[in-house]
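This report concerns only the one structure given below.
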Amino acid sequence: MKIRNIHTVVLGSGASGLCAAVRLNAEGVDDVAIVTEGLDKGVSINTGSDKQTYYKLGLCGATPDSPRALAETYLSAGGTDGDLALVEASTSTRAFFHLVDLGVPFPCDAYGQYAGYKTDHDPAKRATSCGPYTSREMCRALIQDVKRRKVDVYEGETVVKLLTRDIDVRNGVPYKRIVGLISITSDGEPIVYHVKNVVFAVGGPGGLYKTSVYPEVHTGAIGLALEVGAITKGLSESQFGLASFTDVTSRSIRVKNVSRPKEFRWNVSGTFMQVVPKFVSTDCDGSNEREFLWDYFDEPGDLFGRVFLKGYQWPFDARKAIDGSSFIDLCVFYETAICKRRVFLDYRENPARFSFDALPDEAREYLTKSGALLESPFERLYKMNPGSIELYRDWGIDLATEPLEIGVCAQHNNGGLDVDVWWRSTNIEGLYPIGEVAGTHGVARPGGSALNAGQVGAFRAAQRIAREYVGGRRVGERSLKESVDSRAESFKDINAYVGAVAELIALTASSTSRGVDWRAEREELRTRMSECAGVFRSSVNLSRAVSEAREQYRRLTRLEKRDGLIFDDDFRFDLDAIETLRNVQLCVAQIAYLDSVYAVVLSKVGSRGSSLATSSDGTVISTKFPEDWRIQDEDANFRDKAFCSYFSNLDDEIVTESFWRSVRPIPEPDEWFENVWRDYRDGKIFE
Ligand SMILES: Cc1cc2nc3c(=O)[nH]c(=O)nc-3n(C[C@H](O)[C@H](O)[C@H](O)COP(=O)(O)OP(=O)(O)OC[C@H]3O[C@@H](n4cnc5c(N)ncnc54)[C@H](O)[C@@H]3O)c2cc1C
C-alpha cells in the first residue's frame, strides 16, 4: 500500500485551501501538499453571482471603520463568537491585499482607494467585487502562486477517511489527534497519508441538498470529520435563496477550464431582480402557464417593489417573510414544493399590469439613474448588466429567447466545525477546518463574508502550524526534526492503516453484493434534506427525517462476511465504490445536520436567519398558503448562544451529544503597543 508522509496536508483546493497552501509555504512550512478531487472542483472556482461579493474592512473615503465595528456587524444576528469575529475583521485587510498583490482585479480609484458598496446585512459599504466570478479569480491567482512556489498537488483523489488516535476525555468530550487520512486516486488506488496536520478545506455540504445552487460537482466532506467525533457549531444555520438551474447537457458551452456539469446553477440576485422580470409557473410538462404571484398581491406597486428589493436582499430572511421581499421566495416555494409546478423568470415580457409609474419610488429612481426605463426586462438587464446575459450565453442559455427555471435553493452553511482563534478544531488536535466547513458565522452573515472568512482561516492556520514547524525560530532557521519524527511514527501505525483500508474494502464489497445503488441512495438522502431542513422546519417532519437518516446509514454501512476478500498490492476500488463511500460520509453529515436542526426547533428558538420554524399556534403568513404554514417568532434569548454537537458513537447506536453554550464576547485585549509587542516577541499570542 502506498503511504505518503507529509507534515501538513491541505485537503481541498477551493479559495481557502489554496490560500492555506500558499501561506504555509510563505511561512516556511515546506513539507506541505494539497490533496484534492481537482483544481477545477469545489464551489469557489465553479460559482459566482450577479456581482460576487468579498467583504472586508471599509477602505475608502472619510467613512470611519475599525476591526471592532466590523466584528460587531458579524455579531448582530446572533450565534457568532466575538473572538472569531474580531480575528476575521482584523485580518480582513491583510487577506484582501494578499489577493490584490497576487493580481485579483479588485477595483480601486486613481488614488488607490478600494471603494465599497452595501451588501446583505451590511451597514457600512464594506463589500467589493471583481464581477460575477470573484471566487474564480481568487482561485486562479492562488493556483498560479501555488505553482510558482512548487507546492505538491495531488489531484484526482477522493479522501474517504480521516485517521485519528485517542488522546483522552475532557468534561465528557473525547479528544483525539489526527494521524493520517485515506484517499483513493481516480484509478481506484488507495493511498494513505501519514500526517502531522490536516488543513481541512473541503467546503460546504453541497451534496446534501436536492434543490441547490451549490455546483453539481461539489459534495463537500464534513462527514469525514464528524465520523471521528469533531465538535460542530451552528449546523442548523444555512442560507437559502432564489437560484436558476438549467439542464445544459445538450447545449453548446463556451466556458473553458471548469468542470462541465449536467446542470448550470446560478443565483438570480442583483440586477436579475432589479429589472422586475415576469414570474410564471407551469405544470411539469410546461403547460398551463400562469403568473402565480398575482394570487397574493392586489397592488402592483407592492409586488414589483418586493421583486425589486430581492436584488439586494438575496438570501431568504425570516424577518422579511411576511411583508418583505422574502415573501416572494415563499410564493416560489409553495408553487414548486407543494403544488409540484415549475417556476420560471421570463425576461422577454413585463409582468402583467407593469408600468414605470406603478413602481415604488426607490425602484423607479434606480432604473431612471441607470438609464434603464426600457421596454422589456431583457432590455433593462442588457442596459444595466450585459455581463449577466453573456454569462448565461456562455452556458448556451439565451435569456432573450427562453425563460429561466428557478427554485428556492440551498446556497451556504453558516455553521460547521467548531474552531478556536487559530482555526484549530476544538477537540481534534492537528485538524484545522477552514473555509465554509468551519463554523465561524452565526445566524446570518454579511454577503461576501464567507470568502473573507476562508482567507482569514487560511492565514491563521498557516501561522499556527508554522509556529510549531519552525519551532519558534525565524523562517530559514527551522529544523526538519518534526517531519523526521513523523516518518518514524508511520511504521508504528502501519497495521492500523491497513486495517482501516480493509474496512473500507469490506464495506464497499458488501454494498456491491447487496446490490445497493448509490445513485438511488444519494437521491433519497438529498430529497429528505431539501424537504425537512430547508426554509421550512417542522418538528413532525424532522422527527421522521432523523430516524430515516439513521436507517439509511445502517443500510449503507451494513457489513457481510469478509471471506473471500482479496486485498493485495493491485487492489483497486471502482468508481461505484468511491461514490458508495461518499454516500457514507454524506449520510453521517446528514444525521448531524438533521439532529441539530431538530434540536434547535425543539428548543423553540423560532424563525430566524434563513429558516422558518412552524408551530400550530404560530403567525399565519398568508391565508393563501396551507393551514400549517404558521410560523413561530424568534426567541431573541438564543442570540447569544451557539448550538454544538458531536457523535459519541457511530458503531452500533448512532449517538449525538449536543449542548447550547454562550457565545464568546468580542475580546477587549490590552492594546498598549509596548505590551502587545512584548507578548508578540514572547510568542504569547499563540497560547
Ligand atoms: C452560488 C453561490 C454564490 C456565492 N456567492 C458568494 C458571495 O458572493 N460571497 C461570498 O463570500 N460567498 C459566496 N458563496 C459562498 C462561497 O463561494 C463559498 O463558501 C466558498 O467559495 C467556499 O470555499 P472553500 O474553499 O471553503 O470550499 P470549496 O471552494 O468548495 O472547495 C472545496 C475543495 O475541497 C475538495 N474536496 C471536498 N471533498 C473532498 C474529498 N473528499 N477529497 C478530496 N477533495 C475534496 C473539493 O474538490 C474542493 O477542491 C457563494 C456560494 C454559492 C454556491
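Ordered as shown in the C-alpha cells, chains take letters A, B, and onward, while each chain numbers its residues from 1 and ligands are numbered from 1 in the order shown.
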Within 8 Å of Ala592 (chain A) using only C-alpha atoms, minus same-chain residues under 2 positions, as an NGL selection string: :A and (226 or 235 or 588-590 or 594-596 or 645-647 or 656)
How close does each residue of region 411-461 of chain A get to region 114-134 of chain A, giving the shortest atom pair and distance in Å to one decimal for every residue with an atom at most 8 Å away, counting only C-alpha atoms, sorted by chain and residue number, as CSV?
residue,atom,partner,partner_atom,distance
A:Ala444,CA,A:His121,CA,7.6
A:Arg445,CA,A:His121,CA,6.4
A:Pro446,CA,A:His121,CA,4.6
A:Gly447,CA,A:Asp120,CA,5.2
A:Gly448,CA,A:Ala127,CA,6.8
Output for the residues just chosen: C-alpha atoms as a short mmCIF file (atom, residue, chain, number, x, y, z; two decimals), in the first residue's frame:
data_model
loop_
_atom_site.label_atom_id
_atom_site.label_comp_id
_atom_site.auth_asym_id
_atom_site.auth_seq_id
_atom_site.Cartn_x
_atom_site.Cartn_y
_atom_site.Cartn_z
CA ALA A 444 -26.88 35.49 9.37
CA ARG A 445 -23.78 36.97 7.80
CA PRO A 446 -23.00 39.92 5.55
CA GLY A 447 -22.79 38.89 1.89
CA GLY A 448 -19.14 38.31 0.99
#
Name the residues in contact with Ser376 (chain A) at a cut-off of 6 Å, using only C-alpha atoms, excluding same-chain residues fewer than 3 positions from it; report them as an mmCIF file with C-alpha atoms, in the first residue's frame.
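Saved to result-v9.cif:
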data_model
loop_
_atom_site.group_PDB
_atom_site.id
_atom_site.type_symbol
_atom_site.label_atom_id
_atom_site.label_comp_id
_atom_site.auth_asym_id
_atom_site.auth_seq_id
_atom_site.Cartn_x
_atom_site.Cartn_y
_atom_site.Cartn_z
ATOM 1 C CA GLU A 349 -42.041 40.359 -21.307
ATOM 2 C CA ASN A 350 -43.086 42.620 -18.459
ATOM 3 C CA GLU A 379 -33.627 45.322 -22.398
#
Spatial neighbours of Val332 (chain A), 12 Å, only C-alpha atoms, chain gap at least 4 places, as a PyMOL selection string: chain A and resi 241-243+279-282+291-293+295-296+307+316+326-328+336-345+405-409+535+625
Environment of ligand 1 within 7 Å, counting only C-alpha atoms and all ligand atoms, reported as number ranges by chain: A: 11-17, 35-39, 41-45, 47-49, 51-55, 135, 157-160, 201-204, 213-215, 218-221, 266-267, 411-412, 434-437, 447-452, 454
Contact residues around Ser186 (chain A) with only C-alpha atoms at 10 Å, ignoring same-chain residues under 3 positions, as a ChimeraX atom specification: /A:37,155-158,183,189-190,572-575,578
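Here the question is which of A:Gly609, A:Ile191, A:Ile465, A:Leu359 gets nearest to Lys161 (chain A) using only C-alpha atoms, and that residue is A:Ile191.
Between Ile322 (chain A) and the candidates A:Ala69, A:Cys644, A:Ala95, A:Leu612, the tightest atom-to-atom separation, counting only C-alpha atoms, involves A:Leu612.
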All alpha helix (DSSP H) residues (DSSP, backbone) inside region 344-465 of chain A, as a ChimeraX atom specification: /A:361-369,377-384,386-394,449-465
Residues within 10 Å of Phe272 (chain A), only C-alpha atoms, excluding chain neighbours under 6 positions, as a PyMOL selection string: chain A and resi 49-50+307-308+310-311+345+347+377-378+380-381+384-385+388-389
For those residues, write C-alpha atoms to a file as a PDB file, in the first residue's frame.
ATOM      1  CA  SER A  49     -23.384  35.531  -8.805  1.00  0.00           C
ATOM      2  CA  ASP A  50     -24.544  38.754 -10.382  1.00  0.00           C
ATOM      3  CA  VAL A 307     -39.336  41.717  -6.515  1.00  0.00           C
ATOM      4  CA  PHE A 308     -37.037  44.717  -6.992  1.00  0.00           C
ATOM      5  CA  LYS A 310     -34.865  40.879  -3.771  1.00  0.00           C
ATOM      6  CA  GLY A 311     -31.969  42.223  -5.840  1.00  0.00           C
ATOM      7  CA  LEU A 345     -38.282  34.005 -14.702  1.00  0.00           C
ATOM      8  CA  TYR A 347     -37.176  38.421 -19.229  1.00  0.00           C
ATOM      9  CA  PRO A 377     -36.946  43.224 -18.534  1.00  0.00           C
ATOM     10  CA  PHE A 378     -34.428  41.843 -21.043  1.00  0.00           C
ATOM     11  CA  ARG A 380     -33.303  46.671 -18.863  1.00  0.00           C
ATOM     12  CA  LEU A 381     -30.974  43.820 -17.927  1.00  0.00           C
ATOM     13  CA  MET A 384     -27.659  47.572 -16.568  1.00  0.00           C
ATOM     14  CA  ASN A 385     -25.654  44.366 -16.657  1.00  0.00           C
ATOM     15  CA  SER A 388     -25.121  38.728 -16.803  1.00  0.00           C
ATOM     16  CA  ILE A 389     -26.692  37.973 -20.175  1.00  0.00           C
TER      17      ILE A 389
END
Polymer residues at most 10 Å from Tyr392 (chain A), only C-alpha atoms, same-chain spacing of 4 or more positions, as a ChimeraX atom specification: /A:246,253,264-266,387-388,396-399,404
In region 455-662 of chain A, DSSP strand (DSSP E) residues written as an MDAnalysis selection string: chainID A and resid 536:537 612:620 630:631 641:649 655:662
For Thr440 (chain A), the nearest of the candidates A:Val276, A:Ile591, A:Ala71, A:Val9, counting only C-alpha atoms: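 Between A:Val276, A:Ile591, A:Ala71, A:Val9, the residue approaching Thr440 (chain A) most closely is A:Ala71.
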Residue nearest Ala318 (chain A) among A:Met273, A:Cys19, A:Ala62, A:Ile631 (counting only C-alpha atoms):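 Ranking A:Met273, A:Cys19, A:Ala62, A:Ile631 by distance to Ala318 (chain A), first place goes to A:Ile631.
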Nearest residue to Ala509 (chain A) from the set A:Glu560, A:Glu523, A:Asp317, A:Glu362 (distances using only C-alpha atoms): A:Glu560
From A:Ile666, A:Ala26, A:Cys108, A:Leu142, residue lying nearest Gln455 (chain A) [only C-alpha atoms]: A:Leu142
Two-atom distance - CA of Val676 (chain A), CA of Ala453 (chain A) (Å): 24.1 Å
